[in-house]
Amino acid sequence: MKKWLVLSLMVFLQGQVWAQTIAPRIKISEDITLIKLSENAYMHVSYSDLPEFGRFPSNGLVWIQGNEAFLFDTPMTEEATKTLTDWLGHSLQVKVVGFVPNHWHNDCMGGLAYLQQQHIPSWANQITIDSAKIKGLPVPDKGFTDSLQLKLGAKVIECYYLGPAHSTDNIVVWIPSEKILFAGCMAKSMGARNLGNTVDGDLKAYPATIKKVMDKFPDARIVIPGHGPFGGPELLRHTYQLATQ
């Protein structure tokens, strides 16, 4: 039995490595890469340099229907956000028509001011909006409390606030037609050995919030963390283990 479990784990991990390897990658610039998840979805990975962390990647999601797209999280700067949206327009012939940040940190909405200059509407957790006002940051246009449903073409986008974890305002975004869950920074990649930066989070609530996410999206096909490689529901289970250590 033990040998069977070990073998199953090895096959699973090999599958995850394989999935990461074969996913088509498009290098937009030295600091931005797109990873194609499906015909209509891309994970954008942008690199930044911070004195305390060095060079590190942050993830976001681009969801496309026809010639329109929604953006979930921006790169950390307005310049990088312009590079990403310009490339989407020139190379994929899609226009960004909406934006939703995961929470108030600049690896989620550092490019919001640029998007607002382009008159791109934004939606966010009301706690995110309140935090942005207090901290003197650009403020998303419209707020929601527990959940929000948006549409892109005929497809539905679902946003949920299930409780504090990495930050007090972090949400998750669910694309039901693709079974893609953008969990953001509350979800850790399989290589993570701790919960990372939780200075603005809630360690006591973290396990319960992750459990709610696990229970609500048991059929998630792809789970995207805020940093590091994407995966499946195992990322949520791994995060739960880290949160309960």
# chains A, B, ... in the order shown; residues from 1 in each chain; ligands from 1
>>> select_by_dssp(residues="segment 76-245 of chain A", states="helix (DSSP H, G or I)", output="ChimeraX atom specification")
/A:78-91,106-109,112-117,126-135,206-216,234-243
>>> select_by_dssp(residues="segment 46-140 of chain A", states="strand (DSSP E)", output="JSON, numbers by chain")
{"A": [46, 47, 48, 49, 50, 54, 55, 56, 57, 58, 59, 60, 61, 62, 63, 64, 65, 68, 69, 70, 71, 72, 95, 96, 97, 98, 99, 100, 123, 124, 125]}
>>> closest_residue(among="A:Leu137, A:Ile210, A:Leu37, A:Ile222", to="Pro164 of chain A", atoms="only C-alpha atoms")
A:Ile210
